[in-house]
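Colleague: So that we are looking at the same thing, I have put the structure below in structure tokens.
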Amino acid sequence: MAERDGPTAPAHIWKVQTMSETNPASRDLNAAEETRIAFIAAWLLCSLFYFVQYALRSAPGVMLPELGGALAMSNVELGTLIGLYYYTYSVFALVSGAALDRAGAKYTVPAGIVAVAVGALLFGTSSVLGAEAGRLLQGAGSAMAFTGAVYLATHGFPKAWLATAVGVTQCFGMLGGAVGQFAVAPVIHGMMSWQAFWAISGFFLLVMAVGMALVTPPATVEERTREAWWRPYRVVLGNPQSWLCGLIGGLLFLPTTIFAMIWGVPFLREGLGAGYGEAVARASMVPLGWVIGCPLLGYVADRMGRRKPVIVGGAVLMLLAGVLILYLPEVLPPYVGGLALGIGSGAAMIPYTSIKELNPDRVKGSATGAINFIVFTMTAVLNPGFGRILASRSDGGEMTLATFQAAGAWILGGIVLAILLTIPLRESGTLKAIPAHAEPAQ
């Protein structure tokens, strides 16, 4: 009998096998939990990528004299060069969303990181052509950062806490924006040249791309869509509410993407007469305010179960801070205005949650790509216009406070328009507050 049936397995092994075979739900639950944790780990790494690319996005603003000397460009010309980033960012926002919906994040996000790495290396070559190509590549690859992080957060976090997760994601980027100003300035004026900064950043990103490919779970067959890449966008962009989300987000981003990140230091130096070190420190208060405002306003929106009141409240704070910064700079302490502007601008992230809630789940990657496309197309189109206003008001000469006030009035008008556009936006929150003692649903 023993020969026919083979050796008898030890009792403890037989018991484990029996439990495993009779409880497949337990195995599925454990596997699902492991996958969820892997998505959270990938989200953290992608958020780090978002941090680094935002630092590289804002870093040129503190090295305008060095760039001008190396590339033989005026400040207005440099503003146009730096703004090239937003042209490819807006276009590839659509590509990134479709790629995530079709193939997942395991290889698409690392590809974006590699593009930013190569762009950083090219930007530090001290040639106009290299700087232009590098800036375009940085924009193309960076489009994958936030879209990928939100995609991964959607897979790793429960829906009830999605706005908070998106706010924390944006917090990483905003912290990178602050570092790109207050930390990069002393680095390139003491520790290394600005060319070495870009080279080291590029090599660091290449290492990060390898880590991202190793950590990120692959997309399942069910998650990968086989329909044409443009079909999800037909759903998203065919929804008028998506356009409202994009326009509101874009108008609320303009004070930071154009005014603070590109022209903040020149405004403080030439408009208010601040020294270089003080101008950099004060300009960095805006992204530091984002670090506070993005997760804070996202959390408030989740607790309230409503999106629209938080958007309006943040926009009003931005408007008040902008008026005081431009027209009454002596009223507020030097660092308070920029901090308040940054905190209020955290409201610009709420439409990113709304657009996902106002569209089907199967197009969540494309929804984020669509709103990024709208937001940064507005930045790409309006940034040269802002530079032309500055140039015309200064008659090609030195820019003064009046020059910035005339151009800044258009930015403030955009905030007012964003508030008005929030009125027809459909409320997409849960419409009830999450109890303080409640645990996030799994």
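Residues in the structure tokens are named by chain (A, B, ... in the order shown) and by number from 1 within that chain; ligands are numbered from 1 in the order shown.
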Listing only residues of region 176-267 of chain A within 7 Å of region 43-66 of chain A, what is the closest atom pair and its distance in Å (to one decimal) for each, using only C-alpha atoms, sorted by chain and residue number ascending, as CSV?
Modeller:
residue,atom,partner,partner_atom,distance
A:Gly176,CA,A:Phe51,CA,4.3
A:Gly177,CA,A:Ala55,CA,4.7
A:Val179,CA,A:Ala55,CA,5.9
A:Gly180,CA,A:Ala55,CA,4.0
A:Gln181,CA,A:Ala59,CA,5.7
A:Val184,CA,A:Ala59,CA,6.5
A:Ala185,CA,A:Val62,CA,5.8
A:Met212,CA,A:Leu45,CA,6.7
A:Met261,CA,A:Ser58,CA,5.6
A:Ile262,CA,A:Gly61,CA,5.2
A:Val265,CA,A:Gly61,CA,7.0
Colleague: Output all heavy atoms of each residue in that selection to a file, as a PDB file, in the first residue's frame.
Modeller:
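Generated file (out_31.pdb):
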ATOM      1  N   GLY A 176       9.348  70.005  -4.276  1.00  0.00           N
ATOM      2  CA  GLY A 176      10.405  70.062  -5.274  1.00  0.00           C
ATOM      3  C   GLY A 176      10.539  71.440  -5.895  1.00  0.00           C
ATOM      4  O   GLY A 176      11.646  71.920  -6.146  1.00  0.00           O
ATOM      5  N   GLY A 177       9.389  72.102  -6.131  1.00  0.00           N
ATOM      6  CA  GLY A 177       9.436  73.452  -6.662  1.00  0.00           C
ATOM      7  C   GLY A 177      10.142  74.413  -5.728  1.00  0.00           C
ATOM      8  O   GLY A 177      10.901  75.289  -6.166  1.00  0.00           O
ATOM      9  N   VAL A 179      12.433  73.513  -3.419  1.00  0.00           N
ATOM     10  CA  VAL A 179      13.841  73.129  -3.404  1.00  0.00           C
ATOM     11  C   VAL A 179      14.547  73.645  -4.651  1.00  0.00           C
ATOM     12  O   VAL A 179      15.716  74.065  -4.593  1.00  0.00           O
ATOM     13  CB  VAL A 179      13.965  71.593  -3.303  1.00  0.00           C
ATOM     14  CG1 VAL A 179      15.399  71.140  -3.559  1.00  0.00           C
ATOM     15  CG2 VAL A 179      13.510  71.125  -1.923  1.00  0.00           C
ATOM     16  N   GLY A 180      13.839  73.629  -5.782  1.00  0.00           N
ATOM     17  CA  GLY A 180      14.422  74.118  -7.023  1.00  0.00           C
ATOM     18  C   GLY A 180      14.775  75.590  -6.975  1.00  0.00           C
ATOM     19  O   GLY A 180      15.520  76.079  -7.830  1.00  0.00           O
ATOM     20  N   GLN A 181      14.267  76.294  -5.964  1.00  0.00           N
ATOM     21  CA  GLN A 181      14.600  77.713  -5.825  1.00  0.00           C
ATOM     22  C   GLN A 181      15.534  77.960  -4.643  1.00  0.00           C
ATOM     23  O   GLN A 181      16.672  78.378  -4.816  1.00  0.00           O
ATOM     24  CB  GLN A 181      13.315  78.529  -5.697  1.00  0.00           C
ATOM     25  CG  GLN A 181      12.476  78.510  -6.973  1.00  0.00           C
ATOM     26  CD  GLN A 181      11.294  79.442  -6.920  1.00  0.00           C
ATOM     27  OE1 GLN A 181      10.687  79.644  -5.877  1.00  0.00           O
ATOM     28  NE2 GLN A 181      10.928  80.018  -8.053  1.00  0.00           N
ATOM     29  N   VAL A 184      18.661  75.230  -4.752  1.00  0.00           N
ATOM     30  CA  VAL A 184      19.519  75.234  -5.935  1.00  0.00           C
ATOM     31  C   VAL A 184      20.351  76.510  -6.011  1.00  0.00           C
ATOM     32  O   VAL A 184      21.516  76.475  -6.430  1.00  0.00           O
ATOM     33  CB  VAL A 184      18.668  75.061  -7.208  1.00  0.00           C
ATOM     34  CG1 VAL A 184      19.521  75.258  -8.460  1.00  0.00           C
ATOM     35  CG2 VAL A 184      18.033  73.674  -7.233  1.00  0.00           C
ATOM     36  N   ALA A 185      19.783  77.630  -5.592  1.00  0.00           N
ATOM     37  CA  ALA A 185      20.502  78.904  -5.685  1.00  0.00           C
ATOM     38  C   ALA A 185      21.857  78.859  -4.971  1.00  0.00           C
ATOM     39  O   ALA A 185      22.891  79.180  -5.577  1.00  0.00           O
ATOM     40  CB  ALA A 185      19.635  80.039  -5.134  1.00  0.00           C
ATOM     41  N   MET A 212      12.220  52.372 -10.506  1.00  0.00           N
ATOM     42  CA  MET A 212      10.793  52.441 -10.781  1.00  0.00           C
ATOM     43  C   MET A 212      10.334  51.220 -11.559  1.00  0.00           C
ATOM     44  O   MET A 212       9.261  50.656 -11.286  1.00  0.00           O
ATOM     45  CB  MET A 212      10.491  53.712 -11.582  1.00  0.00           C
ATOM     46  CG  MET A 212       9.020  54.039 -11.710  1.00  0.00           C
ATOM     47  SD  MET A 212       8.337  54.694 -10.176  1.00  0.00           S
ATOM     48  CE  MET A 212       6.614  54.237 -10.375  1.00  0.00           C
ATOM     49  N   MET A 261       7.075  80.998 -10.600  1.00  0.00           N
ATOM     50  CA  MET A 261       8.194  80.124 -10.917  1.00  0.00           C
ATOM     51  C   MET A 261       9.147  80.706 -11.946  1.00  0.00           C
ATOM     52  O   MET A 261      10.329  80.367 -11.949  1.00  0.00           O
ATOM     53  CB  MET A 261       7.673  78.755 -11.386  1.00  0.00           C
ATOM     54  CG  MET A 261       6.956  77.978 -10.298  1.00  0.00           C
ATOM     55  SD  MET A 261       6.413  76.340 -10.830  1.00  0.00           S
ATOM     56  CE  MET A 261       7.992  75.568 -11.138  1.00  0.00           C
ATOM     57  N   ILE A 262       8.662  81.536 -12.846  1.00  0.00           N
ATOM     58  CA  ILE A 262       9.533  82.110 -13.875  1.00  0.00           C
ATOM     59  C   ILE A 262       9.906  83.551 -13.549  1.00  0.00           C
ATOM     60  O   ILE A 262      11.076  83.946 -13.640  1.00  0.00           O
ATOM     61  CB  ILE A 262       8.857  82.037 -15.258  1.00  0.00           C
ATOM     62  CG1 ILE A 262       8.643  80.565 -15.660  1.00  0.00           C
ATOM     63  CG2 ILE A 262       9.703  82.753 -16.311  1.00  0.00           C
ATOM     64  CD1 ILE A 262       7.949  80.381 -16.999  1.00  0.00           C
ATOM     65  N   VAL A 265      11.470  85.789  -9.013  1.00  0.00           N
ATOM     66  CA  VAL A 265      12.743  86.404  -8.597  1.00  0.00           C
ATOM     67  C   VAL A 265      12.968  87.742  -9.306  1.00  0.00           C
ATOM     68  O   VAL A 265      13.319  88.736  -8.650  1.00  0.00           O
ATOM     69  CB  VAL A 265      13.913  85.426  -8.834  1.00  0.00           C
ATOM     70  CG1 VAL A 265      15.258  86.113  -8.573  1.00  0.00           C
ATOM     71  CG2 VAL A 265      13.770  84.193  -7.937  1.00  0.00           C
TER      72      VAL A 265
END
Colleague: Write down as a PyMOL selection string the residues belonging to region 181-269 of chain A that are assigned helix (DSSP H, G or I) by DSSP computed on the backbone.
Modeller: chain A and resi 181-191+194-215+230-237+240-269
Colleague: Suppose we keep C-alpha atoms; can you now write the selection as a PDB file, in the first residue's frame?
Modeller:
ATOM      1  CA  GLN A 181      14.600  77.713  -5.825  1.00  0.00           C
ATOM      2  CA  PHE A 182      15.886  78.056  -2.261  1.00  0.00           C
ATOM      3  CA  ALA A 183      18.252  75.050  -2.361  1.00  0.00           C
ATOM      4  CA  VAL A 184      19.519  75.234  -5.935  1.00  0.00           C
ATOM      5  CA  ALA A 185      20.502  78.904  -5.685  1.00  0.00           C
ATOM      6  CA  PRO A 186      23.244  78.391  -3.050  1.00  0.00           C
ATOM      7  CA  VAL A 187      24.342  75.140  -4.713  1.00  0.00           C
ATOM      8  CA  ILE A 188      25.145  76.773  -8.063  1.00  0.00           C
ATOM      9  CA  HIS A 189      26.781  79.756  -6.354  1.00  0.00           C
ATOM     10  CA  GLY A 190      29.098  77.840  -4.086  1.00  0.00           C
ATOM     11  CA  MET A 191      29.179  74.063  -4.370  1.00  0.00           C
ATOM     12  CA  TRP A 194      25.063  75.257 -12.935  1.00  0.00           C
ATOM     13  CA  GLN A 195      26.217  72.848 -15.671  1.00  0.00           C
ATOM     14  CA  ALA A 196      27.343  70.287 -13.069  1.00  0.00           C
ATOM     15  CA  PHE A 197      23.977  70.597 -11.300  1.00  0.00           C
ATOM     16  CA  TRP A 198      22.119  69.547 -14.443  1.00  0.00           C
ATOM     17  CA  ALA A 199      24.547  66.692 -15.153  1.00  0.00           C
ATOM     18  CA  ILE A 200      24.237  65.223 -11.642  1.00  0.00           C
ATOM     19  CA  SER A 201      20.439  65.557 -11.792  1.00  0.00           C
ATOM     20  CA  GLY A 202      20.373  63.636 -15.072  1.00  0.00           C
ATOM     21  CA  PHE A 203      22.420  60.707 -13.742  1.00  0.00           C
ATOM     22  CA  PHE A 204      20.313  60.535 -10.563  1.00  0.00           C
ATOM     23  CA  LEU A 205      17.161  60.267 -12.649  1.00  0.00           C
ATOM     24  CA  LEU A 206      18.604  57.407 -14.705  1.00  0.00           C
ATOM     25  CA  VAL A 207      19.128  55.417 -11.504  1.00  0.00           C
ATOM     26  CA  MET A 208      15.583  56.252 -10.409  1.00  0.00           C
ATOM     27  CA  ALA A 209      14.190  54.929 -13.704  1.00  0.00           C
ATOM     28  CA  VAL A 210      15.693  51.497 -13.003  1.00  0.00           C
ATOM     29  CA  GLY A 211      14.218  51.451  -9.489  1.00  0.00           C
ATOM     30  CA  MET A 212      10.793  52.441 -10.781  1.00  0.00           C
ATOM     31  CA  ALA A 213      10.764  49.597 -13.300  1.00  0.00           C
ATOM     32  CA  LEU A 214      11.637  47.090 -10.578  1.00  0.00           C
ATOM     33  CA  VAL A 215       9.066  48.244  -8.004  1.00  0.00           C
ATOM     34  CA  TRP A 230      -8.159  58.282 -28.636  1.00  0.00           C
ATOM     35  CA  ARG A 231     -11.377  56.591 -27.473  1.00  0.00           C
ATOM     36  CA  PRO A 232     -10.869  57.347 -23.745  1.00  0.00           C
ATOM     37  CA  TYR A 233     -10.200  60.970 -24.666  1.00  0.00           C
ATOM     38  CA  ARG A 234     -13.389  61.089 -26.695  1.00  0.00           C
ATOM     39  CA  VAL A 235     -15.192  60.146 -23.493  1.00  0.00           C
ATOM     40  CA  VAL A 236     -13.308  62.604 -21.294  1.00  0.00           C
ATOM     41  CA  LEU A 237     -13.124  65.576 -23.657  1.00  0.00           C
ATOM     42  CA  PRO A 240     -18.288  69.531 -20.775  1.00  0.00           C
ATOM     43  CA  GLN A 241     -17.555  69.091 -17.065  1.00  0.00           C
ATOM     44  CA  SER A 242     -14.031  67.934 -17.975  1.00  0.00           C
ATOM     45  CA  TRP A 243     -13.395  71.239 -19.735  1.00  0.00           C
ATOM     46  CA  LEU A 244     -14.634  73.160 -16.724  1.00  0.00           C
ATOM     47  CA  CYS A 245     -12.227  71.224 -14.513  1.00  0.00           C
ATOM     48  CA  GLY A 246      -9.355  71.935 -16.894  1.00  0.00           C
ATOM     49  CA  LEU A 247     -10.092  75.649 -17.274  1.00  0.00           C
ATOM     50  CA  ILE A 248     -10.489  76.161 -13.528  1.00  0.00           C
ATOM     51  CA  GLY A 249      -7.281  74.258 -12.777  1.00  0.00           C
ATOM     52  CA  GLY A 250      -5.379  76.122 -15.487  1.00  0.00           C
ATOM     53  CA  LEU A 251      -6.483  79.571 -14.348  1.00  0.00           C
ATOM     54  CA  LEU A 252      -5.552  78.761 -10.749  1.00  0.00           C
ATOM     55  CA  PHE A 253      -2.152  77.444 -11.820  1.00  0.00           C
ATOM     56  CA  LEU A 254      -1.157  80.532 -13.835  1.00  0.00           C
ATOM     57  CA  PRO A 255      -0.088  82.632 -10.813  1.00  0.00           C
ATOM     58  CA  THR A 256       2.391  79.900  -9.893  1.00  0.00           C
ATOM     59  CA  THR A 257       3.531  78.361 -13.186  1.00  0.00           C
ATOM     60  CA  ILE A 258       4.083  81.716 -14.900  1.00  0.00           C
ATOM     61  CA  PHE A 259       4.381  84.471 -12.316  1.00  0.00           C
ATOM     62  CA  ALA A 260       6.000  82.781  -9.307  1.00  0.00           C
ATOM     63  CA  MET A 261       8.194  80.124 -10.917  1.00  0.00           C
ATOM     64  CA  ILE A 262       9.533  82.110 -13.875  1.00  0.00           C
ATOM     65  CA  TRP A 263       9.143  85.784 -12.956  1.00  0.00           C
ATOM     66  CA  GLY A 264       9.039  85.664  -9.156  1.00  0.00           C
ATOM     67  CA  VAL A 265      12.743  86.404  -8.597  1.00  0.00           C
ATOM     68  CA  PRO A 266      12.924  89.182 -11.272  1.00  0.00           C
ATOM     69  CA  PHE A 267       9.753  90.749  -9.795  1.00  0.00           C
ATOM     70  CA  LEU A 268      11.243  90.854  -6.314  1.00  0.00           C
ATOM     71  CA  ARG A 269      14.640  92.084  -7.505  1.00  0.00           C
TER      72      ARG A 269
END
Colleague: In Å to one decimal, how far is CA of Gly139 (chain A) from CA of Phe373 (chain A)?
Modeller: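 It comes out at 11.8 Å.
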Colleague: Excluding region 73-82 of chain A and any residue of its chain fewer than 3 positions from it, enumerate the residues within 6 Å of it, using only C-alpha atoms, and give them as a VMD selection string.
Modeller: chain A and resid 68 384 387
Colleague: With all heavy atoms retained, write the just-selected residues as a short mmCIF file (atom, residue, chain, number, x, y, z; two decimals), in the first residue's frame.
Modeller:
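Below is the file selection_22.cif, written as the result:
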data_model
loop_
_atom_site.label_atom_id
_atom_site.label_comp_id
_atom_site.auth_asym_id
_atom_site.auth_seq_id
_atom_site.Cartn_x
_atom_site.Cartn_y
_atom_site.Cartn_z
N GLY A 68 21.79 83.56 -18.99
CA GLY A 68 21.89 84.67 -19.93
C GLY A 68 23.31 84.86 -20.43
O GLY A 68 23.53 85.13 -21.62
N PRO A 384 4.31 83.14 -23.22
CA PRO A 384 4.94 84.14 -24.10
C PRO A 384 4.18 85.47 -24.10
O PRO A 384 4.79 86.54 -24.22
CB PRO A 384 4.88 83.47 -25.49
CG PRO A 384 4.76 82.01 -25.21
CD PRO A 384 3.94 81.93 -23.96
N GLY A 387 5.27 87.47 -21.20
CA GLY A 387 6.58 88.07 -21.47
C GLY A 387 6.48 89.27 -22.40
O GLY A 387 7.18 90.27 -22.22
#
Colleague: Go ahead and compute the interatomic distance for CA of Met174 (chain A) and CA of Ser142 (chain A), in Å to one decimal.
Modeller: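 According to the coordinates, CA of Met174 (chain A) and CA of Ser142 (chain A) are separated by 13.9 Å.
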Colleague: Do a neighbour search on region 284-287 of chain A at 7 Å with only C-alpha atoms, toss out local chain neighbours closer than 2 positions, and write the hits as a list in words.
Modeller: Met174, Leu175, Gly177, Ala178, Gln181, Phe182, Ala260, Val280, Ala281, Arg282, Gly289, Trp290, Val291, Tyr335, Gly338, Leu339, Leu341 and Gly342 of chain A
Colleague: Restricting the calculation to only C-alpha atoms, which member of A:Gly408, A:Gly124, A:Gly429, A:Pro360 is positioned closest to Ala70 (chain A)?
Modeller: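 Checking each of A:Gly408, A:Gly124, A:Gly429, A:Pro360 against Ala70 (chain A), counting only C-alpha atoms, the winner is A:Gly124.
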